[in-house]
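**Q** You'll find work29.cif just under this line, and it carries mmCIF, C-alpha atoms and all ligand atoms.
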```cif
data_final
#
loop_
_atom_site.label_atom_id
_atom_site.label_comp_id
_atom_site.auth_asym_id
_atom_site.auth_seq_id
_atom_site.Cartn_x
_atom_site.Cartn_y
_atom_site.Cartn_z
CA MET R 71 0.00 0.00 0.00
CA ILE R 72 1.28 3.47 -0.86
CA HIS R 73 0.08 5.55 2.08
CA LEU R 74 -1.26 9.09 2.18
CA ALA R 75 1.14 10.66 4.69
CA GLU R 76 3.70 8.51 6.45
CA PRO R 77 6.22 9.94 8.90
CA ASN R 78 9.74 10.11 7.48
CA LEU R 79 12.05 9.08 10.33
CA THR R 80 15.33 8.33 8.58
CA GLY R 81 17.37 11.14 10.16
CA ASN R 82 18.61 11.55 13.74
CA GLU R 83 15.31 10.54 15.38
CA ARG R 84 16.62 7.24 16.80
CA LYS R 85 19.85 8.81 18.05
CA TYR R 86 18.06 11.63 19.87
CA LEU R 87 15.47 9.25 21.35
CA ASN R 88 18.28 7.10 22.72
CA GLU R 89 19.75 10.23 24.33
CA CYS R 90 16.44 10.78 26.13
CA ILE R 91 16.53 7.26 27.53
CA ASP R 92 20.25 7.32 28.38
CA THR R 93 19.85 10.60 30.29
CA THR R 94 16.40 9.64 31.76
CA PHE R 95 15.02 12.97 30.47
CA VAL R 96 11.85 11.55 28.99
CA SER R 97 9.29 13.96 30.41
CA SER R 98 8.41 17.59 30.02
CA VAL R 99 11.75 19.10 31.02
CA GLY R 100 14.84 18.53 28.90
CA ALA R 101 17.37 19.89 26.49
CA PHE R 102 15.40 18.82 23.43
CA VAL R 103 12.32 20.82 24.46
CA THR R 104 14.39 24.01 24.72
CA ARG R 105 16.22 23.26 21.49
CA PHE R 106 12.98 22.42 19.67
CA GLU R 107 11.46 25.76 20.69
CA GLU R 108 14.53 27.58 19.39
CA ASP R 109 14.53 25.53 16.18
CA VAL R 110 10.84 26.26 15.45
CA VAL R 111 11.45 29.98 15.99
CA LYS R 112 14.44 29.81 13.63
CA ALA R 113 12.63 27.75 10.98
CA THR R 114 9.73 30.22 10.89
CA GLU R 115 11.78 33.41 11.41
CA ALA R 116 9.73 34.38 14.46
CA ASP R 117 11.12 35.95 17.66
CA TYR R 118 9.55 33.86 20.43
CA GLY R 119 8.04 30.39 20.62
CA THR R 120 6.79 27.73 22.97
CA ALA R 121 6.12 24.04 22.41
CA VAL R 122 2.90 22.30 23.48
CA SER R 123 1.41 18.81 23.38
CA SER R 124 -0.64 19.20 20.17
CA GLY R 125 -1.74 21.67 17.54
CA THR R 126 -5.19 21.83 19.13
CA ALA R 127 -3.64 22.66 22.51
CA GLY R 128 -1.55 25.32 20.75
CA LEU R 129 -4.66 26.93 19.22
CA HIS R 130 -6.42 26.81 22.59
CA MET R 131 -3.46 28.54 24.29
CA ALA R 132 -3.18 31.10 21.47
CA LEU R 133 -6.86 32.03 21.84
CA LYS R 134 -6.57 32.33 25.63
CA SER R 135 -3.39 34.38 25.29
CA VAL R 136 -4.97 37.02 23.06
CA GLY R 137 -7.88 37.32 25.50
CA VAL R 138 -10.68 35.12 24.16
CA GLU R 139 -13.18 34.47 26.96
CA ARG R 140 -16.32 32.43 27.55
CA ASP R 141 -19.38 33.31 25.41
CA GLU R 142 -17.38 35.30 22.87
CA LEU R 143 -17.10 34.74 19.12
CA VAL R 144 -14.05 33.94 17.00
CA CYS R 145 -14.16 34.18 13.19
CA ILE R 146 -12.72 31.07 11.53
CA PRO R 147 -13.13 29.57 8.05
CA SER R 148 -15.67 26.75 7.88
CA PHE R 149 -13.45 24.78 5.55
CA THR R 150 -10.92 23.49 8.09
CA PHE R 151 -10.14 20.53 10.29
CA ILE R 152 -12.59 20.48 13.18
CA ALA R 153 -9.77 21.16 15.68
CA THR R 154 -9.84 24.86 14.68
CA ALA R 155 -13.44 25.12 15.90
CA ASN R 156 -12.84 22.84 18.89
CA ALA R 157 -10.06 25.10 20.18
CA VAL R 158 -12.57 27.99 20.17
CA ALA R 159 -15.12 25.83 22.00
CA HIS R 160 -12.48 24.78 24.56
CA CYS R 161 -12.36 28.48 25.54
CA GLY R 162 -16.11 28.41 26.12
CA ALA R 163 -16.41 30.64 23.05
CA GLU R 164 -18.14 29.93 19.73
CA PRO R 165 -16.86 29.89 16.17
CA TRP R 166 -18.32 32.32 13.62
CA LEU R 167 -17.89 30.46 10.37
CA ILE R 168 -16.71 32.30 7.26
CA ASP R 169 -16.62 31.02 3.67
CA ILE R 170 -13.36 30.53 1.79
CA ALA R 171 -12.12 32.12 -1.43
CA GLU R 172 -12.07 30.01 -4.55
CA ASP R 173 -8.51 30.91 -5.56
CA SER R 174 -6.91 29.87 -2.27
CA TRP R 175 -9.37 27.79 -0.21
CA THR R 176 -8.49 30.11 2.69
CA MET R 177 -10.78 32.53 4.60
CA ASP R 178 -12.31 35.00 2.13
CA PRO R 179 -11.53 38.53 3.44
CA ALA R 180 -14.40 40.00 1.43
CA VAL R 181 -16.88 37.68 3.14
CA LEU R 182 -15.30 38.35 6.54
CA GLU R 183 -15.58 42.10 6.03
CA GLN R 184 -19.17 41.90 4.85
CA GLU R 185 -20.17 39.70 7.81
CA LEU R 186 -18.55 42.08 10.30
CA ARG R 187 -20.07 45.12 8.60
CA ASP R 188 -23.59 43.65 8.43
CA LYS R 189 -23.79 41.81 11.73
CA THR R 190 -21.77 43.76 14.33
CA VAL R 191 -21.80 47.08 16.15
CA ILE R 192 -18.90 48.78 17.88
CA LYS R 193 -19.41 49.89 21.49
CA ASP R 194 -16.61 51.35 23.63
CA GLY R 195 -14.05 50.13 21.12
CA GLN R 196 -15.31 46.52 21.30
CA VAL R 197 -17.04 44.63 18.49
CA TYR R 198 -20.39 43.04 19.32
CA HIS R 199 -22.47 40.61 17.28
CA LYS R 200 -25.83 42.37 17.06
CA ALA R 201 -28.20 39.37 17.17
CA SER R 202 -26.58 37.58 20.14
CA GLY R 203 -24.88 40.47 21.94
CA LYS R 204 -21.68 38.41 22.08
CA ARG R 205 -18.30 40.11 21.83
CA VAL R 206 -16.19 39.23 18.79
CA ALA R 207 -12.77 38.44 20.25
CA ALA R 208 -10.44 37.34 17.44
CA ILE R 209 -10.01 36.30 13.82
CA MET R 210 -8.36 32.96 13.14
CA PRO R 211 -7.62 32.21 9.47
CA VAL R 212 -6.30 28.77 8.52
CA TYR R 213 -3.33 28.17 6.23
CA THR R 214 -5.26 25.53 4.29
CA LEU R 215 -3.15 22.54 3.23
CA GLY R 216 -0.08 24.58 4.11
CA MET R 217 -0.99 27.71 2.16
CA PRO R 218 -1.03 31.09 3.93
CA ALA R 219 -4.32 33.00 3.83
CA ASP R 220 -4.72 36.47 2.26
CA MET R 221 -3.09 37.99 5.34
CA ASP R 222 -2.63 41.63 4.27
CA GLU R 223 -6.37 41.89 3.67
CA ILE R 224 -7.29 39.98 6.83
CA LYS R 225 -4.91 42.14 8.88
CA ARG R 226 -6.36 45.32 7.36
CA ILE R 227 -9.86 44.25 8.46
CA ALA R 228 -8.58 43.11 11.86
CA ALA R 229 -6.91 46.50 12.40
CA GLU R 230 -10.12 48.32 11.48
CA TYR R 231 -12.04 46.34 14.11
CA GLN R 232 -9.06 46.15 16.50
CA LEU R 233 -9.14 42.37 16.65
CA PRO R 234 -6.14 40.09 17.19
CA VAL R 235 -5.25 37.60 14.44
CA ILE R 236 -4.24 34.01 15.16
CA ALA R 237 -2.97 31.89 12.27
CA ASP R 238 -3.87 28.21 12.34
CA ALA R 239 -0.76 27.23 10.42
CA ALA R 240 -1.03 23.61 11.61
CA ALA R 241 0.35 22.13 8.39
CA ALA R 242 2.16 25.17 7.01
CA ILE R 243 5.69 25.04 8.38
CA GLY R 244 7.98 25.96 5.49
CA ALA R 245 5.35 27.99 3.62
CA LYS R 246 6.05 31.51 2.34
CA TYR R 247 3.79 34.57 2.22
CA LYS R 248 4.78 37.20 -0.37
CA GLY R 249 8.30 35.80 -0.28
CA SER R 250 8.64 35.90 3.51
CA ASN R 251 8.59 33.26 6.18
CA ILE R 252 5.37 33.00 8.19
CA GLY R 253 6.45 33.27 11.84
CA LYS R 254 5.54 36.93 12.37
CA ILE R 255 2.62 37.67 10.04
CA ALA R 256 -0.22 37.03 12.51
CA ASP R 257 -0.12 38.11 16.16
CA VAL R 258 0.47 34.47 16.96
CA THR R 259 0.98 31.51 14.64
CA VAL R 260 0.31 27.89 15.62
CA PHE R 261 1.79 24.69 14.20
CA SER R 262 0.87 21.03 14.61
CA PHE R 263 3.43 18.23 14.68
CA ASN R 264 0.95 15.39 14.53
CA GLY R 265 2.02 12.19 12.78
CA ASN R 266 0.46 13.08 9.43
CA LYS R 267 1.98 16.58 9.19
CA THR R 268 5.12 17.37 7.18
CA ILE R 269 7.20 17.65 10.37
CA THR R 270 6.15 15.39 13.22
CA CYS R 271 6.94 14.90 16.91
CA GLY R 272 4.60 11.90 17.04
CA GLY R 273 2.18 14.45 18.44
CA GLY R 274 2.87 18.04 19.34
CA GLY R 275 2.42 21.69 18.58
CA ALA R 276 4.05 25.09 18.91
CA LEU R 277 3.13 28.76 19.05
CA VAL R 278 5.40 31.46 17.60
CA SER R 279 5.13 35.23 17.61
CA ALA R 280 6.97 38.54 17.45
CA LYS R 281 5.29 39.37 20.77
CA GLN R 282 6.98 38.07 23.88
CA ASP R 283 3.97 38.69 26.15
CA ILE R 284 1.71 36.40 24.09
CA ILE R 285 4.22 33.56 24.13
CA GLU R 286 4.97 33.96 27.84
CA LYS R 287 1.27 33.91 28.67
CA ALA R 288 0.75 30.79 26.54
CA ARG R 289 3.74 29.08 28.15
CA HIS R 290 2.47 29.95 31.63
CA LEU R 291 -1.05 28.67 30.95
CA ALA R 292 0.21 25.47 29.29
CA THR R 293 2.43 24.62 32.27
CA THR R 294 -0.30 24.62 34.98
CA ALA R 295 0.17 28.39 35.53
CA ARG R 296 2.90 27.63 38.01
CA CYS R 297 4.81 30.51 39.63
CA GLY R 298 8.36 29.59 40.59
CA ILE R 299 9.37 26.12 41.70
CA GLU R 300 7.00 25.71 44.65
CA TYR R 301 3.43 24.52 44.26
CA ASP R 302 2.10 27.97 43.66
CA HIS R 303 -0.30 28.63 40.79
CA ASP R 304 -2.00 31.91 39.92
CA MET R 305 -4.63 30.79 37.38
CA VAL R 306 -6.51 27.70 36.21
CA GLY R 307 -3.79 26.37 33.94
CA TYR R 308 -3.44 23.39 31.64
CA ASN R 309 -1.05 20.48 31.34
CA TYR R 310 -0.20 20.98 27.68
CA ARG R 311 3.56 20.54 27.90
CA MET R 312 5.55 18.83 25.18
CA THR R 313 7.78 16.00 26.43
CA ASN R 314 11.50 15.69 25.76
CA ILE R 315 10.73 12.50 23.78
CA GLN R 316 8.39 14.37 21.44
CA ALA R 317 10.87 17.21 21.12
CA ALA R 318 13.75 14.81 20.39
CA VAL R 319 11.85 13.53 17.35
CA GLY R 320 10.93 17.11 16.41
CA CYS R 321 14.54 18.33 16.54
CA ALA R 322 15.63 15.55 14.18
CA GLN R 323 12.71 16.37 11.88
CA LEU R 324 13.40 20.11 11.78
CA GLU R 325 16.96 19.46 10.63
CA ARG R 326 15.30 18.39 7.36
CA VAL R 327 12.45 20.90 7.05
CA ASP R 328 13.72 22.49 3.81
CA GLU R 329 14.23 19.10 2.21
CA PHE R 330 10.78 17.89 3.31
CA VAL R 331 8.94 20.97 2.06
CA ALA R 332 10.82 20.86 -1.26
CA ARG R 333 9.80 17.22 -1.58
CA LYS R 334 6.13 18.08 -0.85
CA ARG R 335 6.20 20.74 -3.57
CA TYR R 336 7.86 18.30 -5.95
CA ILE R 337 5.07 15.76 -5.33
CA ARG R 338 2.46 18.43 -6.10
CA ASP R 339 4.29 19.38 -9.31
CA TYR R 340 4.72 15.73 -10.29
CA TYR R 341 0.98 14.96 -10.10
CA GLU R 342 0.10 18.15 -11.98
CA LYS R 343 2.64 17.52 -14.71
CA HIS R 344 1.60 13.91 -15.27
CA LEU R 345 -2.15 14.17 -14.81
CA ASN R 346 -3.03 17.49 -16.40
CA GLU R 347 -4.31 15.90 -19.58
CA ILE R 348 -7.12 14.06 -17.82
CA LYS R 349 -10.47 15.69 -18.52
CA ASP R 350 -12.79 16.76 -15.72
CA ILE R 351 -10.16 17.03 -13.02
CA SER R 352 -8.23 19.98 -11.65
CA PHE R 353 -5.71 20.56 -8.87
CA PHE R 354 -5.53 22.36 -5.54
CA PRO R 355 -5.09 26.13 -5.91
CA GLU R 356 -1.97 28.10 -5.06
CA ALA R 357 -2.74 31.78 -4.49
CA ASP R 358 -0.40 34.29 -6.11
CA TRP R 359 0.65 35.66 -2.69
CA ALA R 360 1.76 32.29 -1.38
CA GLU R 361 4.22 29.49 -1.72
CA SER R 362 2.33 26.60 -0.20
CA ALA R 363 4.03 24.01 1.98
CA CYS R 364 1.86 21.51 0.04
CA TRP R 365 0.94 19.32 3.01
CA PHE R 366 -1.25 17.17 0.78
CA SER R 367 -1.51 17.03 -2.97
CA GLY R 368 -4.52 15.75 -4.82
CA LEU R 369 -7.28 16.27 -7.30
CA VAL R 370 -10.55 18.15 -7.60
CA LEU R 371 -13.02 15.95 -9.48
CA SER R 372 -15.92 17.20 -11.57
CA ASP R 373 -19.53 16.12 -10.97
CA LYS R 374 -18.91 13.22 -13.34
CA TYR R 375 -16.98 11.36 -10.67
CA GLU R 376 -17.73 10.22 -7.16
CA VAL R 377 -14.71 10.75 -4.90
CA LYS R 378 -15.42 7.74 -2.67
CA LYS R 379 -15.72 5.45 -5.68
CA VAL R 380 -12.39 6.66 -7.07
CA CYS R 381 -10.82 6.08 -3.64
CA GLU R 382 -12.06 2.48 -3.68
CA LEU R 383 -10.68 1.87 -7.14
CA LEU R 384 -7.32 3.29 -6.13
CA LYS R 385 -7.28 1.20 -2.97
CA GLU R 386 -7.70 -1.94 -5.09
CA LYS R 387 -4.51 -0.89 -6.83
CA GLY R 388 -2.64 -0.41 -3.56
CA ILE R 389 -2.93 3.38 -3.41
CA GLU R 390 -4.38 5.14 -0.41
CA ALA R 391 -6.50 8.15 -1.42
CA ARG R 392 -9.04 9.91 0.74
CA THR R 393 -11.78 12.48 0.90
CA PHE R 394 -10.89 15.72 2.67
CA TRP R 395 -12.37 18.01 5.34
CA LYS R 396 -16.13 18.19 5.71
CA PRO R 397 -16.75 21.86 6.57
CA VAL R 398 -17.41 22.80 10.19
CA HIS R 399 -20.93 24.08 9.42
CA TRP R 400 -21.90 20.48 8.54
CA GLN R 401 -20.48 19.04 11.77
CA LYS R 402 -22.93 18.07 14.49
CA PRO R 403 -21.46 20.20 17.34
CA TYR R 404 -21.44 23.35 15.17
CA ILE R 405 -24.59 22.92 13.13
CA ASN R 406 -26.13 26.02 14.75
CA ALA R 407 -23.01 28.19 14.70
CA GLU R 408 -23.23 31.71 13.26
CA LYS R 409 -22.09 31.61 9.66
CA SER R 410 -21.80 33.42 6.34
CA GLU R 411 -23.13 32.04 3.08
CA MET R 412 -20.99 29.02 2.15
CA LYS R 413 -20.98 29.08 -1.64
CA VAL R 414 -17.36 28.07 -2.13
CA ALA R 415 -16.97 25.64 0.78
CA ASP R 416 -20.17 23.86 -0.23
CA SER R 417 -19.17 23.69 -3.86
CA ILE R 418 -15.73 22.13 -3.37
CA TRP R 419 -15.46 19.90 -0.33
CA GLU R 420 -17.15 16.84 -1.79
CA HIS R 421 -14.98 17.00 -4.90
CA ILE R 422 -11.59 16.81 -3.24
CA LEU R 423 -9.43 13.70 -3.35
CA THR R 424 -6.09 13.60 -1.53
CA LEU R 425 -3.30 11.46 -2.98
CA PRO R 426 -0.20 9.84 -1.45
CA SER R 427 2.00 12.76 -0.37
CA SER R 428 4.58 11.31 2.01
CA THR R 429 7.99 12.96 1.84
CA GLY R 430 9.49 9.46 1.68
CA ILE R 431 7.51 8.43 -1.42
CA THR R 432 9.86 7.05 -4.10
CA GLU R 433 9.98 7.98 -7.80
CA GLU R 434 8.78 4.44 -8.61
CA GLN R 435 5.78 4.82 -6.30
CA LEU R 436 4.90 8.20 -7.81
CA ALA R 437 5.13 6.79 -11.33
CA TYR R 438 2.99 3.82 -10.32
CA ALA R 439 0.36 6.08 -8.68
CA VAL R 440 0.17 8.30 -11.75
CA SER R 441 -0.30 5.36 -14.12
CA ALA R 442 -2.96 3.81 -11.86
CA ILE R 443 -4.85 7.13 -11.74
CA LYS R 444 -4.65 7.48 -15.52
CA ASP R 445 -6.07 3.95 -15.90
CA ILE R 446 -9.03 4.77 -13.67
CA PHE R 447 -9.93 7.97 -15.46
C1 LIG R 501 -3.74 19.03 12.11
C2 LIG R 501 -4.54 20.26 12.25
C3 LIG R 501 -4.92 20.76 13.51
C4 LIG R 501 -4.77 20.00 14.80
O1 LIG R 501 -3.50 19.64 15.17
P1 LIG R 501 -3.32 18.44 16.23
O2 LIG R 501 -1.83 18.44 16.46
O3 LIG R 501 -3.78 17.18 15.56
O4 LIG R 501 -4.09 18.75 17.45
C5 LIG R 501 -5.58 21.98 13.57
N1 LIG R 501 -5.86 22.69 12.46
C6 LIG R 501 -5.54 22.23 11.23
C7 LIG R 501 -5.85 23.09 10.04
C8 LIG R 501 -4.88 21.00 11.08
O5 LIG R 501 -4.59 20.56 9.84
#
```
Give the structure from this file in structure tokens form.
Ligand SMILES: *Cc1c(COP(=O)(O)O)cnc(C)c1O
**A**
Amino acid sequence: MIHLAEPNLTGNERKYLNECIDTTFVSSVGAFVTRFEEDVVKATEADYGTAVSSGTAGLHMALKSVGVERDELVCIPSFTFIATANAVAHCGAEPWLIDIAEDSWTMDPAVLEQELRDKTVIKDGQVYHKASGKRVAAIMPVYTLGMPADMDEIKRIAAEYQLPVIADAAAAIGAKYKGSNIGKIADVTVFSFNGNKTITCGGGGALVSAKQDIIEKARHLATTARCGIEYDHDMVGYNYRMTNIQAAVGCAQLERVDEFVARKRYIRDYYEKHLNEIKDISFFPEADWAESACWFSGLVLSDKYEVKKVCELLKEKGIEARTFWKPVHWQKPYINAEKSEMKVADSIWEHILTLPSSTGITEEQLAYAVSAIKDIF
């Protein structure tokens, strides 16, 4: 079976894991955690960073650190992994779901602006949703499939309404926005290092920022809000620390981040080059402001094809292919969430097919996958 997204662990992972065992530093304090935080900051050209136990935990801490409270609203795109919405709910807040733009599959700033203009009022410098009276507390675009959102536009709107911006960059390490690295574009940027992401710690996450206070607040909250070394805590904190074992894997992975992202982009180019003559299919978009980290590559199928059927046919040939995110506004816990019209999200999500995109995929496997796909179509 050629899998969708397998971890690539052929670097120093084993060596660093052995160091954890030899030194007994297997838990949440250790040299690898500190090094991993520095390496993530370096890899994303941010100024400050802290590691956490998952991407979801990172989003939760980011939201808390910019001041999201119970019963408030956070604008997120509906076309995302459900963790984006869950992190909002973990704050006791609610997502306000925004449609995506067709040319990027990221939050559409025009829709965001229209929603805020039509549905909010400003009182004492705060933004309130008129129908519910809830305060709007933040905007959280997602770097879909590793591609940065239209951040200049989103930041312009955020500045107008004085709202903080959190980037859910879960799968976007290595991406570029208008030629620059992504560590300092949003007020705080969050990465996931889950097993299926380009860089993995087994499980894990990190927050980076240009703002020290945001990162220090997130670090404090994620480490049980402990003050000093005694059992003294000044808030209800969380146990969201990354372990030295996770960080050891992450350090080995980050040594190869450029190579991995280049490989992901190569895989995207390979499929496009070899499949572009097939009728009734297209590819994932890349907006002109972005260089995507190409977490997954795949196809967009026309109405003529049923994605699940194509997946089955590929599986018979030993190729794992899958459907992709069902938008948040179709998920049971968020069925009643405030939302914009969903023209684009509703028109694309059932047409997306993800293809094997592991950084360790061989040329032979790619060639085999391409010929099997051609046969099916
Ligand atoms: C993977 C992912 C997450 C969640 O990260 P975990 O580490 O699995 O908690 C959140 N948002 C997006 C867009 C993701 O792709």
**Q** Quick one: of R:Ile72, R:Val96, R:Val158, R:Leu369, who's nearest to R:Thr429, counting all atoms listed in the file?
**A**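 So, comparing all the options, the nearest one is R:Ile72.
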**Q** So how far away is atom CA of R:Gly119 from atom CA of R:Ala241, in Å?
**A**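 Taking atom CA of R:Ala241 and atom CA of R:Gly119, their separation equals 16.6 Å.
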**Q** Tell me which of R:Gln323, R:Thr94, R:Thr393, R:Thr424 sits closest to R:Phe354, counting only C-alpha atoms.
**A**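 Of R:Gln323, R:Thr94, R:Thr393, R:Thr424, the one nearest R:Phe354, counting only C-alpha atoms, is R:Thr424.
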**Q** Would you mind listing the residues within 10 Å of ligand LIG 501 (chain R), counting only C-alpha atoms and all ligand atoms, as a PDB file with C-alpha atoms, in the coordinates of the input?
**A**
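So part-v8.pdb came out as:
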```
ATOM      1  CA  VAL R 122       2.900  22.300  23.480  1.00  0.00           C
ATOM      2  CA  SER R 123       1.410  18.810  23.380  1.00  0.00           C
ATOM      3  CA  SER R 124      -0.640  19.200  20.170  1.00  0.00           C
ATOM      4  CA  GLY R 125      -1.740  21.670  17.540  1.00  0.00           C
ATOM      5  CA  THR R 126      -5.190  21.830  19.130  1.00  0.00           C
ATOM      6  CA  ALA R 127      -3.640  22.660  22.510  1.00  0.00           C
ATOM      7  CA  GLY R 128      -1.550  25.320  20.750  1.00  0.00           C
ATOM      8  CA  LEU R 129      -4.660  26.930  19.220  1.00  0.00           C
ATOM      9  CA  HIS R 130      -6.420  26.810  22.590  1.00  0.00           C
ATOM     10  CA  PRO R 147     -13.130  29.570   8.050  1.00  0.00           C
ATOM     11  CA  PHE R 149     -13.450  24.780   5.550  1.00  0.00           C
ATOM     12  CA  THR R 150     -10.920  23.490   8.090  1.00  0.00           C
ATOM     13  CA  PHE R 151     -10.140  20.530  10.290  1.00  0.00           C
ATOM     14  CA  ILE R 152     -12.590  20.480  13.180  1.00  0.00           C
ATOM     15  CA  ALA R 153      -9.770  21.160  15.680  1.00  0.00           C
ATOM     16  CA  THR R 154      -9.840  24.860  14.680  1.00  0.00           C
ATOM     17  CA  ALA R 155     -13.440  25.120  15.900  1.00  0.00           C
ATOM     18  CA  ASN R 156     -12.840  22.840  18.890  1.00  0.00           C
ATOM     19  CA  ALA R 157     -10.060  25.100  20.180  1.00  0.00           C
ATOM     20  CA  PRO R 211      -7.620  32.210   9.470  1.00  0.00           C
ATOM     21  CA  VAL R 212      -6.300  28.770   8.520  1.00  0.00           C
ATOM     22  CA  TYR R 213      -3.330  28.170   6.230  1.00  0.00           C
ATOM     23  CA  THR R 214      -5.260  25.530   4.290  1.00  0.00           C
ATOM     24  CA  LEU R 215      -3.150  22.540   3.230  1.00  0.00           C
ATOM     25  CA  GLY R 216      -0.080  24.580   4.110  1.00  0.00           C
ATOM     26  CA  ALA R 237      -2.970  31.890  12.270  1.00  0.00           C
ATOM     27  CA  ASP R 238      -3.870  28.210  12.340  1.00  0.00           C
ATOM     28  CA  ALA R 239      -0.760  27.230  10.420  1.00  0.00           C
ATOM     29  CA  ALA R 240      -1.030  23.610  11.610  1.00  0.00           C
ATOM     30  CA  ALA R 241       0.350  22.130   8.390  1.00  0.00           C
ATOM     31  CA  ALA R 242       2.160  25.170   7.010  1.00  0.00           C
ATOM     32  CA  VAL R 260       0.310  27.890  15.620  1.00  0.00           C
ATOM     33  CA  PHE R 261       1.790  24.690  14.200  1.00  0.00           C
ATOM     34  CA  SER R 262       0.870  21.030  14.610  1.00  0.00           C
ATOM     35  CA  PHE R 263       3.430  18.230  14.680  1.00  0.00           C
ATOM     36  CA  ASN R 264       0.950  15.390  14.530  1.00  0.00           C
ATOM     37  CA  GLY R 265       2.020  12.190  12.780  1.00  0.00           C
ATOM     38  CA  ASN R 266       0.460  13.080   9.430  1.00  0.00           C
ATOM     39  CA  LYS R 267       1.980  16.580   9.190  1.00  0.00           C
ATOM     40  CA  THR R 270       6.150  15.390  13.220  1.00  0.00           C
ATOM     41  CA  CYS R 271       6.940  14.900  16.910  1.00  0.00           C
ATOM     42  CA  GLY R 272       4.600  11.900  17.040  1.00  0.00           C
ATOM     43  CA  GLY R 273       2.180  14.450  18.440  1.00  0.00           C
ATOM     44  CA  GLY R 274       2.870  18.040  19.340  1.00  0.00           C
ATOM     45  CA  GLY R 275       2.420  21.690  18.580  1.00  0.00           C
ATOM     46  CA  ALA R 276       4.050  25.090  18.910  1.00  0.00           C
ATOM     47  CA  TRP R 365       0.940  19.320   3.010  1.00  0.00           C
ATOM     48  CA  TRP R 395     -12.370  18.010   5.340  1.00  0.00           C
TER      49      TRP R 395
END
```
**Q** Between atom CA of R:Gly162 and atom CA of R:Glu139, what is the distance in Å, rounded to a tenth?
**A**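 Here the two named atoms are 6.8 Å from each other.
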**Q** What is the distance, in Å and to one decimal place, between atom CA of R:Leu425 and atom CA of R:Lys402?
**A**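 Calculated distance between atom CA of R:Leu425 and atom CA of R:Lys402 is 27.1 Å.
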**Q** Which residues, written as a PyMOL selection string, have at least one atom at most 8 Å from stretch 245-256 of chain R, with all atoms listed in the file counted and residues fewer than 6 positions away on the same chain left out?
**A** chain R and resi 111+114-117+216-218+221+225+235-237+278-280+359-363
**Q** For R:Asp416, please output as an MDAnalysis selection string all residues within 10 Å (counting only C-alpha atoms; exclusion window: fewer than 6 positions along the same chain).
**A** chainID R and resid 148:149 169:170 396:397 399:400
**Q** Nearest to R:Ser427: which of R:Ile146, R:Ile91, R:Ala229, R:Leu74 is it, counting all atoms listed in the file?
**A**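 Looking only at the distances to R:Ser427, the closest residue turns out to be R:Leu74.
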**Q** Under the rule that only C-alpha atoms are counted, which of R:Val440, R:Ala228, R:Val306, R:Val258 is the nearest residue to R:Ile348?
**A**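 That would be R:Val440, the residue with the smallest distance to R:Ile348.
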**Q** Could you tell me which of R:Asn78, R:Trp175, R:Lys204, R:Tyr231 comes closest to R:Ile192 if we count all atoms listed in the file?
**A**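 Ranked by minimum distance to R:Ile192, first place goes to R:Tyr231.
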**Q** Counting all atoms listed in the file, what is within 12 Å of R:Gln184, bar same-chain residues fewer than 3 positions away, as a list in words?
**A**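 Skipping anything fewer than 3 positions along the chain leaves Ile168, Asp169, Asp178, Pro179, Ala180, Val181, Arg187, Asp188, Lys189, Thr190, Ile227, Lys409, Ser410 and Glu411 of chain R.
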**Q** Would you place a box with edges along x, y and z of the file around all atoms of stretch 109-118 of chain R listed there, add 5 Å to each of its six sides, and report the centre and edge lengths in Å to one decimal, as JSON?
**A**
```
{"center_x": 12.0, "center_y": 30.7, "center_z": 15.7, "size_x": 15.0, "size_y": 20.4, "size_z": 19.5}
```
**Q** Could you check the closest approach to R:Lys385 for each of R:Asn314, R:Tyr118, R:Ala439, R:Phe102 and tell me which residue wins, using all atoms listed in the file?
**A** R:Ala439
**Q** Generate N, CA, C and O atoms for stretch 376-381 of chain R and emit them as a PDB file, in the coordinates of the input.
**A**
```pdb
ATOM      1  N   GLU R 376     -17.439  10.269  -8.590  1.00  0.00           N
ATOM      2  CA  GLU R 376     -17.730  10.220  -7.160  1.00  0.00           C
ATOM      3  C   GLU R 376     -16.407   9.939  -6.439  1.00  0.00           C
ATOM      4  O   GLU R 376     -15.753   8.924  -6.689  1.00  0.00           O
ATOM      5  N   VAL R 377     -16.028  10.845  -5.538  1.00  0.00           N
ATOM      6  CA  VAL R 377     -14.710  10.750  -4.900  1.00  0.00           C
ATOM      7  C   VAL R 377     -14.533   9.400  -4.194  1.00  0.00           C
ATOM      8  O   VAL R 377     -13.503   8.735  -4.342  1.00  0.00           O
ATOM      9  N   LYS R 378     -15.552   8.983  -3.433  1.00  0.00           N
ATOM     10  CA  LYS R 378     -15.420   7.740  -2.670  1.00  0.00           C
ATOM     11  C   LYS R 378     -15.205   6.533  -3.572  1.00  0.00           C
ATOM     12  O   LYS R 378     -14.461   5.608  -3.235  1.00  0.00           O
ATOM     13  N   LYS R 379     -15.869   6.557  -4.722  1.00  0.00           N
ATOM     14  CA  LYS R 379     -15.720   5.450  -5.680  1.00  0.00           C
ATOM     15  C   LYS R 379     -14.288   5.426  -6.231  1.00  0.00           C
ATOM     16  O   LYS R 379     -13.671   4.362  -6.327  1.00  0.00           O
ATOM     17  N   VAL R 380     -13.760   6.594  -6.564  1.00  0.00           N
ATOM     18  CA  VAL R 380     -12.390   6.660  -7.070  1.00  0.00           C
ATOM     19  C   VAL R 380     -11.403   6.183  -6.002  1.00  0.00           C
ATOM     20  O   VAL R 380     -10.449   5.461  -6.294  1.00  0.00           O
ATOM     21  N   CYS R 381     -11.677   6.549  -4.742  1.00  0.00           N
ATOM     22  CA  CYS R 381     -10.820   6.080  -3.640  1.00  0.00           C
ATOM     23  C   CYS R 381     -10.801   4.555  -3.574  1.00  0.00           C
ATOM     24  O   CYS R 381      -9.748   3.943  -3.394  1.00  0.00           O
TER      25      CYS R 381
END
```
